[in-house]
Every structure is written in structure tokens, then in C-alpha cells.
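Some notes on the structure that comes next.
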Amino acid sequence: MSSIEIEAKTTEEAIKKACEHFHLTEGALDIEVLESSSTGIFGLVGNRKAKIRVTVKEDSAIAVAQETLRKIISLMSIDTKISAVRKGDDIVLNIEGNNTGILIGHKGRTLEALEFIVNKAVNRATETKVRVIVDTENYRKRKEESLKGLALKMGEQAKRTKKTVTIDSVNPHDRRIIHLALKGDSQIQTKSDGEGLFKKVHIIPNRKKTNKEESG
Amino acid sequence: MKDLITNIAKALVDKPEEVVVTVIEGEQTSVIELKVAKEDLGKIIGKQGRTAQSIRTILNAASKKMHKRFVLELIE
């Protein structure tokens, strides 16, 4: 956990500086006053600066995550509420509100971008390794279901045509869902292929197993 | 829109006091220029430009409501 000492004219000013430094609100910080300020006689003699030690709180991650996302969305002039819960090591932020379609974006890209930025901000501010998941209107769950459906459909097609079926540019999280959905099927295997974040997924029918119900 | 970019940038860098955002207004498209400390430039761009890409995605979503286009430029 990072901890710094800050000097300023007054304690309040020092706290304000600390908040700016960590880019956090006061609630997420542990503040210890080392020396309080004094103005001395007539503000002339014996001026002493305030000195505080500031540490980022252990479980501030959840507060930071919530606050970061709330701020970004409110600056996008969208009115929402954000609830935060801890799920094991992960933090799940749920966006509640009307106009959340705009926050999901095409193929969930905006939601992904928000999640990515919040993750970065949280892990930088608190120097921890937590994963933040951003969700709205059960979008994640719905997407997972539809991906599973797609995977199974493609799996069937691969088996029927005995040809490799390829799903284009899938991100790591979605790839995992596809692999897992088809893992139990002994007639096909799945493979990722490509470079970078977005790879293709090949669904390959197994050659050796002779399937009697052949159709075209 | 300026506040949005300022806020996101400050949350990502080590030197938030050096974040400078300027908006060049245009009729249909406005350009938002973001300047950060030299050491922080990498943090704003991210691995394979993923952070910059994410900021642009958020910016696009935000500008949809305003019926205007915003472009983000990183100034070195």
C-alpha cells in the first residue's frame, strides 16, 4: 500500500492535495495528522505548516471503482445509479438506469471500454490487483448465453458438414466461453488462431470418428 | 466533453497536475487535444493502443447524445 507525507498551509489543504495526488475522495484515504498548522503570533512569527501522512485504505478498491465509473458516466451526461458488490476477488459494478443502451454500444464495445478504463484506474490508484466487471441490465449474462448458443450452433454445423467452422475476431473472454461450451463434445475440437487480442476460433470436426448419419 | 477527457486522463496518469485538455471547436467535428507528462504518454496509449482506443470509444458514445463528432488527439 502506498503512503505519502504531505505538507501544506492548513490540514484541510493538505488533505485536498492528497485527494488530488491519489485522485481519490477523502473517504478512500487513511489520514494521520503528524503536525497541525499554527499561524504563530499575528501570523508572523512561528508559522508552522501542517503535515499529514496519507495511506490508501485497504478496501478502497470497491469505493474507487464505483466512484470512477460514476464520475465518467455522469460526465457523459447519462443519468444512472451504480451499485457495487464484491464477488470473491472481483468487484462487480452494475449500472442501473434507463439509457444504458448507449453505454453498451455496438457489440458491447463501449461497456468493454468503460470496464477497461475503470480497471486501469482502480489498479493504479490502489496498487492492488483486482478485476472490475462492469455490467448493465444483465448484459454479460445475456451475451454469454447468446455466445454459447452460437458456439453450439457452429459446432453442429461443423459436425454436419465435416468442415472446419471459423468464428472471426473474438476477444479473450468470449473465446473462453466458446471453448468451454464445446469442451464436452468429443466429435469436435476448438482452436484459437491469430495474433493479438482478437483471435479467430476454429471449430474442427474430428476426422477419425466415422459418423453414420452423414448428410451432404 | 472536456471534463470527461480530463477526468479519465487524470485517473490514469501519475502526474494528474500535468494533464492539459484543449478543445478546438468545429462546426461538425471538434478536436480534443490531450497533453500529458512525457512519462505518462505510454499510460494513456496503453499496450497496443488499447487505452487510447477505449477512451475514444467512450468519447464516441458520449458524443452520440450531443449529435456532434469529437476526435481525440494525443499531443506529444
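Every chain in the C-alpha cells takes a letter, A first, then B, and so on in the order presented; its residues are numbered from 1, and the ligands are numbered from 1 following the presented order.
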Please report, as a PyMOL selection string, each residue of chain B to which DSSP assigns strand (DSSP E) when run on this structure's backbone.
chain B and resi 20-24+29-35+69-75
Counting only C-alpha atoms, collect the residues of chain B whose closest atom lies at most 12 Å from chain A, and write them out as a ChimeraX atom specification.
/B:1-18,43-66
One-decimal distance in Å that lies between atom CA of A:Val54 and atom CA of A:Ser3:
5.5 Å
Go through A:Ser169, A:Ser146, A:Ser36, A:Gln157 one by one, measure the shortest atom-to-atom distance of each to A:Thr10 using only C-alpha atoms, and give the residue with the smallest value.
A:Ser36
Would you please work out which residue, of A:Ile6, A:Ala14, A:Val64, A:Ala158, is nearest to A:Leu93 when using only C-alpha atoms?
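Answer, going by the shortest atom-to-atom distance: A:Val64.
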Would you please extract all helix (DSSP H, G or I) residues from stretch 3-143 of chain A, as assigned by DSSP on the backbone, and give them as a PyMOL selection string?
chain A and resi 11-22+26-28+60-75+101-104+106-126+139-143
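For the atom pair formed by atom CA of A:Gly194 and atom CA of A:Ala181, the distance is 20.4 Å, given to one decimal.
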Which neighbours of B:Val71 fall inside 7 Å, counting only C-alpha atoms, when residues of the same chain fewer than 5 positions from it are skipped, and could you give them as a PyMOL selection string?
chain B and resi 30-32
Those same residues - C-alpha atoms - I'd like them written as a compact mmCIF listing (two decimals), in the first residue's frame.
# COMPACT_ATOMS: atom_id res chain seq x y z
CA SER B 30 -14.48 19.14 -32.60
CA VAL B 31 -10.95 18.10 -31.85
CA ILE B 32 -10.00 17.41 -28.28
